[in-house]
Amino acid sequence: MTLVLVTGGTGHLGQDLVDRLVRDGHQVRVLARARQARADVEWAIGDLATGEGLPAALRGVHTVINAATHSPVAQRGGFRPVDFFKSPSDVDAEGTQRLLDLSQQAAVQHFLHVSIVGLDGASLPYARVKLAGERMVRESSLSWSVVRAMPFYYLLESMLAGLAWLPVWPVPKTVFNPVDTSDVADYLVRCAFDGGRRERAEIGGPDDLSLVEFARQYQEARGMRRRVVPIQLSDKTARGMGFVVSEGVRGRLSWRDWLQRRFAEVRAAA
Ligand SMILES: NC(=O)c1ccc[n+]([C@@H]2O[C@H](COP(=O)([O-])OP(=O)(O)OC[C@H]3O[C@@H](n4cnc5c(N)ncnc54)[C@H](OP(=O)(O)O)[C@@H]3O)[C@@H](O)[C@H]2O)c1
């Protein structure tokens, strides 16, 4: 049985990933800043931003799946002006380098790094930090893989929820294909153990739709009505903001089905 260390195993993607690894019978160690409740994994307390706990977390590890990130936008579920000027690099760049160096010392056999589709044309500071992290992985002498994914549904939902107070929604017409973390997690598990390495096909969702359509389906699922005003962005601006269509592997869960599931859970909880 191989020991897999998952960084970011308490995050949105990471939890789905850990579920699948455990289900498939892998021995899983989760690197986290604080221990959480699940008892079917080993917990390694550590911090990528400081390096604390990393050597112990890597002891005996065969495969590292690096799914940690420090994204203020994802944490708060929306943009603030500051996000267009800076983004912390302590986890996604310096933390990645630290983890790579220590993985090498620990004789890790495979370092699988999670990243984002369309970084090369993107201009946001978070994208530049992610790109720097990817480069470090590619320059490492470890056996590595990089998997890029489209934006996750949970983040799209948070961003649209942030518009709820507005009577009129200005929304770009740009087409893209966000994806669910469950599909990305399935794909990552495949990439971790199928023997493939280096640049893996990127993964996006099943539907190429304009953001206007994603917003309309969201309103329908929530039972709300706001006027959506489509905005035309230039190709360059759209790419700069990460709006691209990923032509790689396709996830199966549609936005419409994800919304149905999500709001059924919300109604059940209420
Ligand atoms: N969100 C998207 O739309 C999207 C799209 C494509 C790719 N990705 C990539 O997918 C990966 C996961 O994203 P996500 O949205 O699922 O992330 P998330 O929900 O924001 O979770 C972030 C994870 O990183 C951990 N973390 C943060 N700072 C840390 C530190 N200093 N030391 C150790 N762990 C730390 C967090 O652990 P704590 O429990 O300690 O907070 C948490 O488990 C990232 O590589 C991201 O760039 C995201």
# chains A, B, ... in the order shown; residues from 1 in each chain; ligands from 1
>>> select_by_dssp(residues="stretch 14-231 of chain A", states="alpha helix (DSSP H)", output="JSON, numbers by chain")
{"A": [14, 15, 16, 17, 18, 19, 20, 21, 22, 23, 54, 55, 56, 57, 58, 72, 73, 74, 75, 76, 96, 97, 98, 99, 100, 101, 102, 103, 104, 105, 125, 126, 127, 128, 129, 130, 131, 132, 133, 134, 135, 136, 137, 138, 139, 153, 154, 155, 156, 157, 158, 159, 160, 161, 181, 182, 183, 184, 185, 186, 187, 188, 189, 190, 191, 192, 193, 211, 212, 213, 214, 215, 216, 217, 218, 219, 220, 221, 222]}
>>> residues_near_ligand(ligand="ligand 1", cutoff="7 Å", atoms="only C-alpha atoms and all ligand atoms", output="MDAnalysis selection string")
chainID A and resid 7:14 31:34 46:49 66:71 74:75 91 114:117 130 148:153 155
>>> atom_distance(atom1="atom CA of A:Glu134", atom2="atom CA of A:Gly242")
16.2 Å
>>> closest_atom_pairs(of="stretch 129-184 of chain A", to="stretch 252-265 of chain A", cutoff="9 Å", atoms="only C-alpha atoms", output="JSON lines")
{"residue": "A:Tyr153", "atom": "CA", "partner": "A:Trp255", "partner_atom": "CA", "distance": 7.1}
{"residue": "A:Glu157", "atom": "CA", "partner": "A:Leu259", "partner_atom": "CA", "distance": 8.6}
{"residue": "A:Pro178", "atom": "CA", "partner": "A:Trp255", "partner_atom": "CA", "distance": 8.2}
{"residue": "A:Val179", "atom": "CA", "partner": "A:Leu253", "partner_atom": "CA", "distance": 7.5}
{"residue": "A:Asp180", "atom": "CA", "partner": "A:Leu253", "partner_atom": "CA", "distance": 6.7}
{"residue": "A:Ser182", "atom": "CA", "partner": "A:Leu253", "partner_atom": "CA", "distance": 8.3}
{"residue": "A:Asp183", "atom": "CA", "partner": "A:Arg252", "partner_atom": "CA", "distance": 6.7}
>>> select_by_dssp(residues="stretch 12-255 of chain A", states="strand (DSSP E or B)", output="PDB file with N, CA and C atoms, in the first residue's frame")
ATOM      1  N   GLN A  27      -3.307   4.514   1.678  1.00  0.00           N
ATOM      2  CA  GLN A  27      -2.995   5.044   3.005  1.00  0.00           C
ATOM      3  C   GLN A  27      -2.800   6.554   2.824  1.00  0.00           C
ATOM      4  N   VAL A  28      -3.580   7.343   3.504  1.00  0.00           N
ATOM      5  CA  VAL A  28      -3.590   8.788   3.243  1.00  0.00           C
ATOM      6  C   VAL A  28      -3.142   9.564   4.476  1.00  0.00           C
ATOM      7  N   ARG A  29      -2.223  10.484   4.233  1.00  0.00           N
ATOM      8  CA  ARG A  29      -1.810  11.426   5.284  1.00  0.00           C
ATOM      9  C   ARG A  29      -2.184  12.822   4.798  1.00  0.00           C
ATOM     10  N   VAL A  30      -2.844  13.582   5.631  1.00  0.00           N
ATOM     11  CA  VAL A  30      -3.264  14.933   5.235  1.00  0.00           C
ATOM     12  C   VAL A  30      -2.389  15.938   5.981  1.00  0.00           C
ATOM     13  N   LEU A  31      -1.765  16.822   5.217  1.00  0.00           N
ATOM     14  CA  LEU A  31      -1.026  17.926   5.847  1.00  0.00           C
ATOM     15  C   LEU A  31      -2.027  19.050   6.105  1.00  0.00           C
ATOM     16  N   ALA A  32      -2.121  19.481   7.346  1.00  0.00           N
ATOM     17  CA  ALA A  32      -3.075  20.555   7.676  1.00  0.00           C
ATOM     18  C   ALA A  32      -2.489  21.398   8.792  1.00  0.00           C
ATOM     19  N   GLU A  42      -4.336   9.748   8.364  1.00  0.00           N
ATOM     20  CA  GLU A  42      -3.351  10.228   9.359  1.00  0.00           C
ATOM     21  C   GLU A  42      -3.292  11.736   9.227  1.00  0.00           C
ATOM     22  N   TRP A  43      -3.158  12.426  10.320  1.00  0.00           N
ATOM     23  CA  TRP A  43      -3.031  13.886  10.257  1.00  0.00           C
ATOM     24  C   TRP A  43      -1.588  14.286  10.533  1.00  0.00           C
ATOM     25  N   ALA A  44      -1.040  15.128   9.665  1.00  0.00           N
ATOM     26  CA  ALA A  44       0.306  15.672   9.889  1.00  0.00           C
ATOM     27  C   ALA A  44       0.129  17.171  10.042  1.00  0.00           C
ATOM     28  N   ILE A  45       0.432  17.669  11.193  1.00  0.00           N
ATOM     29  CA  ILE A  45       0.225  19.099  11.414  1.00  0.00           C
ATOM     30  C   ILE A  45       1.452  19.858  10.903  1.00  0.00           C
ATOM     31  N   THR A  63       3.822   9.253  -2.754  1.00  0.00           N
ATOM     32  CA  THR A  63       3.250  10.248  -3.677  1.00  0.00           C
ATOM     33  C   THR A  63       2.757  11.457  -2.892  1.00  0.00           C
ATOM     34  N   VAL A  64       3.104  12.641  -3.395  1.00  0.00           N
ATOM     35  CA  VAL A  64       2.564  13.881  -2.823  1.00  0.00           C
ATOM     36  C   VAL A  64       1.545  14.441  -3.812  1.00  0.00           C
ATOM     37  N   ILE A  65       0.359  14.792  -3.337  1.00  0.00           N
ATOM     38  CA  ILE A  65      -0.583  15.549  -4.181  1.00  0.00           C
ATOM     39  C   ILE A  65      -0.723  16.930  -3.539  1.00  0.00           C
ATOM     40  N   ASN A  66      -0.222  17.914  -4.262  1.00  0.00           N
ATOM     41  CA  ASN A  66      -0.141  19.263  -3.698  1.00  0.00           C
ATOM     42  C   ASN A  66      -1.367  20.080  -4.118  1.00  0.00           C
ATOM     43  N   HIS A 110       6.644  10.497  -6.648  1.00  0.00           N
ATOM     44  CA  HIS A 110       5.787  11.236  -7.597  1.00  0.00           C
ATOM     45  C   HIS A 110       5.221  12.470  -6.901  1.00  0.00           C
ATOM     46  N   PHE A 111       5.406  13.622  -7.524  1.00  0.00           N
ATOM     47  CA  PHE A 111       4.901  14.886  -6.982  1.00  0.00           C
ATOM     48  C   PHE A 111       3.854  15.411  -7.963  1.00  0.00           C
ATOM     49  N   LEU A 112       2.591  15.318  -7.574  1.00  0.00           N
ATOM     50  CA  LEU A 112       1.486  15.733  -8.456  1.00  0.00           C
ATOM     51  C   LEU A 112       0.972  17.088  -7.987  1.00  0.00           C
ATOM     52  N   HIS A 113       1.068  18.051  -8.880  1.00  0.00           N
ATOM     53  CA  HIS A 113       0.785  19.440  -8.509  1.00  0.00           C
ATOM     54  C   HIS A 113      -0.509  19.910  -9.178  1.00  0.00           C
ATOM     55  N   VAL A 114      -1.376  20.548  -8.404  1.00  0.00           N
ATOM     56  CA  VAL A 114      -2.659  21.016  -8.937  1.00  0.00           C
ATOM     57  C   VAL A 114      -2.553  22.488  -9.300  1.00  0.00           C
ATOM     58  N   SER A 115      -2.987  22.800 -10.513  1.00  0.00           N
ATOM     59  CA  SER A 115      -2.909  24.197 -10.943  1.00  0.00           C
ATOM     60  C   SER A 115      -4.166  24.584 -11.747  1.00  0.00           C
ATOM     61  N   ILE A 116      -4.056  25.652 -12.499  1.00  0.00           N
ATOM     62  CA  ILE A 116      -5.250  26.256 -13.101  1.00  0.00           C
ATOM     63  C   ILE A 116      -5.074  26.422 -14.610  1.00  0.00           C
ATOM     64  N   TRP A 144       7.557  14.391 -11.642  1.00  0.00           N
ATOM     65  CA  TRP A 144       6.430  15.289 -11.349  1.00  0.00           C
ATOM     66  C   TRP A 144       5.324  15.191 -12.397  1.00  0.00           C
ATOM     67  N   SER A 145       4.142  15.663 -11.986  1.00  0.00           N
ATOM     68  CA  SER A 145       3.027  15.861 -12.920  1.00  0.00           C
ATOM     69  C   SER A 145       2.343  17.171 -12.550  1.00  0.00           C
ATOM     70  N   VAL A 146       1.836  17.842 -13.575  1.00  0.00           N
ATOM     71  CA  VAL A 146       1.025  19.044 -13.339  1.00  0.00           C
ATOM     72  C   VAL A 146      -0.343  18.813 -13.964  1.00  0.00           C
ATOM     73  N   VAL A 147      -1.382  19.030 -13.163  1.00  0.00           N
ATOM     74  CA  VAL A 147      -2.761  18.956 -13.665  1.00  0.00           C
ATOM     75  C   VAL A 147      -3.389  20.329 -13.492  1.00  0.00           C
ATOM     76  N   ARG A 148      -3.848  20.875 -14.602  1.00  0.00           N
ATOM     77  CA  ARG A 148      -4.533  22.173 -14.542  1.00  0.00           C
ATOM     78  C   ARG A 148      -6.039  21.968 -14.621  1.00  0.00           C
ATOM     79  N   ALA A 149      -6.773  22.681 -13.787  1.00  0.00           N
ATOM     80  CA  ALA A 149      -8.240  22.556 -13.782  1.00  0.00           C
ATOM     81  C   ALA A 149      -8.880  23.920 -14.019  1.00  0.00           C
ATOM     82  N   PHE A 152     -13.672  26.172 -10.166  1.00  0.00           N
ATOM     83  CA  PHE A 152     -14.603  25.214  -9.549  1.00  0.00           C
ATOM     84  C   PHE A 152     -15.982  25.850  -9.379  1.00  0.00           C
ATOM     85  N   VAL A 168     -29.667  44.630 -10.718  1.00  0.00           N
ATOM     86  CA  VAL A 168     -29.236  44.402 -12.104  1.00  0.00           C
ATOM     87  C   VAL A 168     -27.824  43.823 -12.055  1.00  0.00           C
ATOM     88  N   TRP A 169     -27.620  42.730 -12.794  1.00  0.00           N
ATOM     89  CA  TRP A 169     -26.300  42.087 -12.785  1.00  0.00           C
ATOM     90  C   TRP A 169     -25.576  42.332 -14.102  1.00  0.00           C
ATOM     91  N   PRO A 170     -24.487  43.091 -14.081  1.00  0.00           N
ATOM     92  CA  PRO A 170     -23.659  43.194 -15.289  1.00  0.00           C
ATOM     93  C   PRO A 170     -22.757  41.955 -15.358  1.00  0.00           C
ATOM     94  N   VAL A 171     -22.904  41.160 -16.402  1.00  0.00           N
ATOM     95  CA  VAL A 171     -22.195  39.867 -16.457  1.00  0.00           C
ATOM     96  C   VAL A 171     -21.532  39.699 -17.829  1.00  0.00           C
ATOM     97  N   PRO A 172     -20.235  39.344 -17.864  1.00  0.00           N
ATOM     98  CA  PRO A 172     -19.568  39.131 -19.163  1.00  0.00           C
ATOM     99  C   PRO A 172     -20.218  38.000 -19.971  1.00  0.00           C
ATOM    100  N   VAL A 175     -17.492  32.909 -22.835  1.00  0.00           N
ATOM    101  CA  VAL A 175     -17.779  31.478 -22.667  1.00  0.00           C
ATOM    102  C   VAL A 175     -16.624  30.784 -21.934  1.00  0.00           C
ATOM    103  N   PHE A 176     -16.959  29.928 -20.990  1.00  0.00           N
ATOM    104  CA  PHE A 176     -15.945  29.091 -20.340  1.00  0.00           C
ATOM    105  C   PHE A 176     -16.601  27.816 -19.812  1.00  0.00           C
ATOM    106  N   VAL A 179     -15.858  23.580 -13.580  1.00  0.00           N
ATOM    107  CA  VAL A 179     -15.942  22.133 -13.316  1.00  0.00           C
ATOM    108  C   VAL A 179     -16.183  21.908 -11.826  1.00  0.00           C
ATOM    109  N   ARG A 198       4.509  14.351 -15.947  1.00  0.00           N
ATOM    110  CA  ARG A 198       4.747  15.671 -16.531  1.00  0.00           C
ATOM    111  C   ARG A 198       3.440  16.381 -16.848  1.00  0.00           C
ATOM    112  N   GLU A 199       3.298  16.960 -18.062  1.00  0.00           N
ATOM    113  CA  GLU A 199       2.096  17.763 -18.337  1.00  0.00           C
ATOM    114  C   GLU A 199       0.935  16.822 -18.636  1.00  0.00           C
ATOM    115  N   ILE A 203      -8.312  19.708 -17.167  1.00  0.00           N
ATOM    116  CA  ILE A 203      -9.704  19.253 -16.988  1.00  0.00           C
ATOM    117  C   ILE A 203     -10.657  20.444 -16.818  1.00  0.00           C
ATOM    118  N   GLY A 204     -11.786  20.353 -17.545  1.00  0.00           N
ATOM    119  CA  GLY A 204     -12.840  21.362 -17.440  1.00  0.00           C
ATOM    120  C   GLY A 204     -14.179  20.675 -17.311  1.00  0.00           C
ATOM    121  N   LEU A 209     -20.469  27.382 -21.707  1.00  0.00           N
ATOM    122  CA  LEU A 209     -21.589  28.334 -21.687  1.00  0.00           C
ATOM    123  C   LEU A 209     -21.054  29.718 -21.379  1.00  0.00           C
ATOM    124  N   SER A 210     -21.857  30.730 -21.746  1.00  0.00           N
ATOM    125  CA  SER A 210     -21.432  32.076 -21.383  1.00  0.00           C
ATOM    126  C   SER A 210     -21.747  32.287 -19.901  1.00  0.00           C
ATOM    127  N   ARG A 227     -32.287  41.219 -13.260  1.00  0.00           N
ATOM    128  CA  ARG A 227     -32.024  41.456 -14.687  1.00  0.00           C
ATOM    129  C   ARG A 227     -30.524  41.260 -14.954  1.00  0.00           C
ATOM    130  N   VAL A 228     -30.200  40.422 -15.945  1.00  0.00           N
ATOM    131  CA  VAL A 228     -28.790  40.192 -16.295  1.00  0.00           C
ATOM    132  C   VAL A 228     -28.465  41.034 -17.516  1.00  0.00           C
ATOM    133  N   VAL A 229     -27.458  41.891 -17.380  1.00  0.00           N
ATOM    134  CA  VAL A 229     -27.052  42.735 -18.506  1.00  0.00           C
ATOM    135  C   VAL A 229     -25.739  42.190 -19.065  1.00  0.00           C
ATOM    136  N   PRO A 230     -25.786  41.587 -20.272  1.00  0.00           N
ATOM    137  CA  PRO A 230     -24.561  41.000 -20.834  1.00  0.00           C
ATOM    138  C   PRO A 230     -23.532  42.069 -21.194  1.00  0.00           C
ATOM    139  N   ILE A 231     -22.278  41.798 -20.851  1.00  0.00           N
ATOM    140  CA  ILE A 231     -21.181  42.730 -21.163  1.00  0.00           C
ATOM    141  C   ILE A 231     -20.212  42.028 -22.104  1.00  0.00           C
ATOM    142  N   VAL A 249      -9.645  16.984 -20.780  1.00  0.00           N
ATOM    143  CA  VAL A 249     -10.596  16.022 -20.204  1.00  0.00           C
ATOM    144  C   VAL A 249     -11.829  16.789 -19.739  1.00  0.00           C
ATOM    145  N   ARG A 250     -13.003  16.152 -19.879  1.00  0.00           N
ATOM    146  CA  ARG A 250     -14.245  16.799 -19.445  1.00  0.00           C
ATOM    147  C   ARG A 250     -14.807  16.104 -18.211  1.00  0.00           C
TER     148      ARG A 250
END
>>> closest_residue(among="A:Arg197, A:Lys173, A:Arg135, A:His62", to="A:Glu213", atoms="only C-alpha atoms")
A:Lys173
